[in-house]
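Engineer: Quick one: this structure, given as structure tokens, is what I'll be asking you about.
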Amino acid sequence: NAAVAAASKLAQTGAKLDVKKVLVVGSGGLSIGQAGEFDYSGSQAIKALKESSIETVLVNPNIATVQTSHELADHVYFSPVTAEYLEQIIAKERPDGIMLAFGGQTALNCGVQLEKMGVLAKYAVRVLGTPVRTLELSEDRDLFASALKEIGIPVAQSTAVTTVADALAAAAEIKYPVIVRSAYALGGLGSGFAADAAELQALASQSLALSPQILVERSMRGWKEVEYEVVRDSQDNCVTVCNMENFDPLGIHTGDSIVVAPSQTLSDEEYHMLRTAAIRIARHVGLVGECNVQYCLNPDSLEYCVIEMNARLSRSSALASKATGYPLAFVAAKIGLGWTLPELQNNVTQSTTACFEPSLDY
């Protein structure tokens, strides 16, 4: 405990990386799949930065949030979360670092755009936490599928397409029924099931209007949907904080379902099989901070596949933090400043380091 206390005192004194001022990207206006649920993680991140005596700049136009209150961030911009606005704020404030994992999908997409526009390089802004390359890898369904194949982890049989004709050709090969999912989309927007070519034509046209790329994949409706929250630091220390199980089987969007933490119907073998896979994925893609890995699991066998990985704090992260007493966003922000899990104290338990997995034996 003395070592923990010493380490956590150190982590309060500043950043391991040379950063004095950090831009935290919030989640934008209220709409499905963003905004409200990211207030918790953003507030935690700002508290972690303030504890380390770092000047914080927050961009979030949503005034109905805790994170925009005066006592949290040093500077608050109520401007839209778009690459153009962020560029102006970066030019004015000149932050040393930027955090993209606390504003949901909107913040991730903006970070990828800023990198492509050369803004981050131009103003010498470091991305703290998970690098942009990993964000792109986790968001681009094709890249993600090939990364998982490299380490032998099963993903749903799928094809990424950009036109309706390609979608129909892909479905003919995979065989109906299929599921369509959009890349770079919020809250499952533009996703759905198609039982035949007519349904797919309508769904694909609609999805491609919302997203540049869609995935046509084998339908696994009725399988269990399980997710794991994983934390990893830059020194490759990695823990799974919590796993969760959807009350409804695959086919109902997580946002419309009940999620139970920890899982209730997995056997010990299933639990550890998916936990090991989650840690291997986090290490392989180079996560620095927090992510959640979503799986579907065949209820009648050990067959499973990865649905997706969010390399950011998500709706589930707030549930996981409160259900386990492990402050995910707070720890993820400290990891972004260069600290490692053994150096950080769990502020909730006050007696363990952040590399202790909560024991969830209900």
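Chain lettering (A, B, ...) mirrors the order of the structure tokens, residue numbering begins at 1 for each chain separately, and ligand numbering begins at 1 in order of display.
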As a list of chain:residue names, please: all residues of region 46-135 of chain A that backbone DSSP puts in strand (DSSP E or B).
Structural biologist: A:Glu55, A:Thr56, A:Val57, A:Leu58, A:Val59, A:His75, A:Val76, A:Tyr77, A:Gly97, A:Ile98, A:Met99, A:Arg126, A:Val127
Engineer: If we count only C-alpha atoms, what is near Pro212 (chain A) at a cut-off of 9 Å, once residues fewer than 4 positions away on the same chain are taken out, given as a list in words?
Structural biologist: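 Listed by chain and then number, they are Val161, Thr162, Thr163, Ser182, Ala183, Tyr184, Ser207 and Leu208 of chain A.
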Engineer: Dump N, CA and C atoms for the selected residues as a PDB file, in the first residue's frame?
Structural biologist:
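File written: again-v9.pdb
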```
ATOM      1  N   VAL A 161     -18.431  -2.805 -48.596  1.00  0.00           N
ATOM      2  CA  VAL A 161     -18.812  -2.324 -49.938  1.00  0.00           C
ATOM      3  C   VAL A 161     -19.158  -0.836 -49.891  1.00  0.00           C
ATOM      4  N   THR A 162     -19.124  -0.212 -51.075  1.00  0.00           N
ATOM      5  CA  THR A 162     -19.448   1.217 -51.147  1.00  0.00           C
ATOM      6  C   THR A 162     -20.595   1.498 -52.133  1.00  0.00           C
ATOM      7  N   THR A 163     -21.122   0.436 -52.784  1.00  0.00           N
ATOM      8  CA  THR A 163     -22.263   0.640 -53.696  1.00  0.00           C
ATOM      9  C   THR A 163     -23.318  -0.435 -53.443  1.00  0.00           C
ATOM     10  N   SER A 182     -23.049  -0.075 -40.831  1.00  0.00           N
ATOM     11  CA  SER A 182     -22.336   1.077 -41.397  1.00  0.00           C
ATOM     12  C   SER A 182     -21.015   1.303 -40.677  1.00  0.00           C
ATOM     13  N   ALA A 183     -20.002   1.739 -41.432  1.00  0.00           N
ATOM     14  CA  ALA A 183     -18.736   2.145 -40.810  1.00  0.00           C
ATOM     15  C   ALA A 183     -18.878   3.598 -40.353  1.00  0.00           C
ATOM     16  N   TYR A 184     -18.066   4.005 -39.396  1.00  0.00           N
ATOM     17  CA  TYR A 184     -18.012   5.410 -38.933  1.00  0.00           C
ATOM     18  C   TYR A 184     -19.374   5.974 -38.527  1.00  0.00           C
ATOM     19  N   SER A 207     -28.528   2.969 -46.105  1.00  0.00           N
ATOM     20  CA  SER A 207     -27.299   2.997 -45.297  1.00  0.00           C
ATOM     21  C   SER A 207     -26.184   3.767 -45.983  1.00  0.00           C
ATOM     22  N   LEU A 208     -26.080   3.606 -47.318  1.00  0.00           N
ATOM     23  CA  LEU A 208     -25.003   4.291 -48.040  1.00  0.00           C
ATOM     24  C   LEU A 208     -25.242   5.796 -48.149  1.00  0.00           C
TER      25      LEU A 208
END
```
Engineer: Give me every alpha helix (DSSP H) residue in region 304-345 of chain A, going by DSSP on the backbone, as a PyMOL selection string.
Structural biologist: chain A and resi 315-324+328-336
Engineer: Only N, CA, C and O atoms, please: the residues just picked out, written as an mmCIF file, in the first residue's frame.
Structural biologist:
```cif
data_model
loop_
_atom_site.group_PDB
_atom_site.id
_atom_site.type_symbol
_atom_site.label_atom_id
_atom_site.label_comp_id
_atom_site.auth_asym_id
_atom_site.auth_seq_id
_atom_site.Cartn_x
_atom_site.Cartn_y
_atom_site.Cartn_z
ATOM 1 N N ARG A 315 -21.020 4.102 -23.989
ATOM 2 C CA ARG A 315 -22.133 4.039 -23.033
ATOM 3 C C ARG A 315 -21.850 2.984 -21.968
ATOM 4 O O ARG A 315 -22.085 3.182 -20.787
ATOM 5 N N SER A 316 -21.344 1.843 -22.436
ATOM 6 C CA SER A 316 -21.095 0.715 -21.529
ATOM 7 C C SER A 316 -20.060 1.069 -20.467
ATOM 8 O O SER A 316 -20.085 0.529 -19.367
ATOM 9 N N SER A 317 -19.121 1.974 -20.807
ATOM 10 C CA SER A 317 -18.045 2.292 -19.870
ATOM 11 C C SER A 317 -18.589 2.914 -18.593
ATOM 12 O O SER A 317 -18.065 2.671 -17.507
ATOM 13 N N ALA A 318 -19.617 3.721 -18.727
ATOM 14 C CA ALA A 318 -20.201 4.355 -17.539
ATOM 15 C C ALA A 318 -20.828 3.289 -16.646
ATOM 16 O O ALA A 318 -20.653 3.287 -15.423
ATOM 17 N N LEU A 319 -21.538 2.340 -17.267
ATOM 18 C CA LEU A 319 -22.136 1.244 -16.514
ATOM 19 C C LEU A 319 -21.036 0.425 -15.828
ATOM 20 O O LEU A 319 -21.115 0.119 -14.640
ATOM 21 N N ALA A 320 -19.992 0.089 -16.597
ATOM 22 C CA ALA A 320 -18.903 -0.736 -16.055
ATOM 23 C C ALA A 320 -18.229 -0.027 -14.878
ATOM 24 O O ALA A 320 -17.941 -0.651 -13.853
ATOM 25 N N SER A 321 -17.985 1.279 -15.010
ATOM 26 C CA SER A 321 -17.326 2.034 -13.932
ATOM 27 C C SER A 321 -18.141 1.965 -12.655
ATOM 28 O O SER A 321 -17.619 1.733 -11.570
ATOM 29 N N LYS A 322 -19.449 2.171 -12.804
ATOM 30 C CA LYS A 322 -20.292 2.252 -11.602
ATOM 31 C C LYS A 322 -20.593 0.867 -11.030
ATOM 32 O O LYS A 322 -20.713 0.706 -9.822
ATOM 33 N N ALA A 323 -20.695 -0.133 -11.907
ATOM 34 C CA ALA A 323 -21.005 -1.483 -11.421
ATOM 35 C C ALA A 323 -19.804 -2.120 -10.718
ATOM 36 O O ALA A 323 -19.964 -2.962 -9.851
ATOM 37 N N THR A 324 -18.579 -1.703 -11.106
ATOM 38 C CA THR A 324 -17.388 -2.379 -10.575
ATOM 39 C C THR A 324 -16.603 -1.536 -9.588
ATOM 40 O O THR A 324 -15.734 -2.053 -8.895
ATOM 41 N N LEU A 328 -13.024 3.924 -15.006
ATOM 42 C CA LEU A 328 -12.411 3.689 -16.331
ATOM 43 C C LEU A 328 -11.901 4.957 -17.000
ATOM 44 O O LEU A 328 -10.769 5.006 -17.481
ATOM 45 N N ALA A 329 -12.753 5.982 -17.070
ATOM 46 C CA ALA A 329 -12.372 7.193 -17.810
ATOM 47 C C ALA A 329 -11.218 7.910 -17.121
ATOM 48 O O ALA A 329 -10.298 8.423 -17.774
ATOM 49 N N PHE A 330 -11.263 7.950 -15.804
ATOM 50 C CA PHE A 330 -10.214 8.603 -15.016
ATOM 51 C C PHE A 330 -8.869 7.927 -15.288
ATOM 52 O O PHE A 330 -7.866 8.576 -15.589
ATOM 53 N N VAL A 331 -8.879 6.597 -15.222
ATOM 54 C CA VAL A 331 -7.648 5.819 -15.454
ATOM 55 C C VAL A 331 -7.182 5.989 -16.907
ATOM 56 O O VAL A 331 -5.989 6.172 -17.175
ATOM 57 N N ALA A 332 -8.139 5.970 -17.864
ATOM 58 C CA ALA A 332 -7.775 6.122 -19.288
ATOM 59 C C ALA A 332 -7.102 7.470 -19.544
ATOM 60 O O ALA A 332 -6.144 7.566 -20.316
ATOM 61 N N ALA A 333 -7.595 8.528 -18.872
ATOM 62 C CA ALA A 333 -6.995 9.861 -19.052
ATOM 63 C C ALA A 333 -5.571 9.884 -18.503
ATOM 64 O O ALA A 333 -4.662 10.447 -19.125
ATOM 65 N N LYS A 334 -5.361 9.249 -17.343
ATOM 66 C CA LYS A 334 -4.012 9.194 -16.753
ATOM 67 C C LYS A 334 -3.053 8.397 -17.651
ATOM 68 O O LYS A 334 -1.884 8.747 -17.799
ATOM 69 N N ILE A 335 -3.576 7.309 -18.252
ATOM 70 C CA ILE A 335 -2.748 6.518 -19.175
ATOM 71 C C ILE A 335 -2.340 7.384 -20.371
ATOM 72 O O ILE A 335 -1.217 7.322 -20.866
ATOM 73 N N GLY A 336 -3.273 8.229 -20.826
ATOM 74 C CA GLY A 336 -2.980 9.152 -21.927
ATOM 75 C C GLY A 336 -1.846 10.114 -21.598
ATOM 76 O O GLY A 336 -1.142 10.593 -22.485
#
```
Engineer: Would you mind listing what lies within 8 Å of region 164-177 of chain A as a list in words, with only C-alpha atoms counted and same-chain residues fewer than 4 positions away left out?
Structural biologist: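 Within the cut-off, the hits are Gln157, Ser158, Thr159, Phe193, Ala194, Ala195, Asp196, Ala197, Leu200, Gln201, Ala204, Ser205, Leu208, Val216, Glu217, Arg218 and Ser219 of chain A.
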Engineer: Please determine, counting only C-alpha atoms, which residue among A:Ala282, A:Leu128, A:Leu72, A:Leu250 has the shortest atom-to-atom distance to Ala48 (chain A).
Structural biologist: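 Of A:Ala282, A:Leu128, A:Leu72, A:Leu250, the one nearest Ala48 (chain A) is A:Leu72, counting only C-alpha atoms.
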Engineer: Taking only C-alpha atoms into account, which of A:Ile98, A:Val285, A:Val81, A:Val348 comes nearest Asn62 (chain A)?
Structural biologist: A:Val81
Engineer: For Gln235 (chain A), which residue out of A:Ile151, A:Val112, A:Met273, A:Leu341 is the nearest one, using only C-alpha atoms?
Structural biologist: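 Nearest candidate to Gln235 (chain A) out of A:Ile151, A:Val112, A:Met273, A:Leu341: A:Leu341.
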Engineer: Here is a test: counting only C-alpha atoms, which residue of A:Leu266, A:Leu287, A:Leu120, A:Leu302 is nearest to Val239 (chain A)?
Structural biologist: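 Result for the nearest residue to Val239 (chain A): A:Leu287.
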Engineer: Would you mind telling me which residue in A:Leu100, A:Ala83, A:Ile63, A:Ala261 lies nearest to Gly42 (chain A) when using only C-alpha atoms?
Structural biologist: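 Of the candidates, the smallest distance to Gly42 (chain A) is held by A:Leu100.
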Engineer: CA of Ile214 (chain A) and CA of Leu189 (chain A), how far apart in Å?
Structural biologist: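 So the answer is 10.9 Å.
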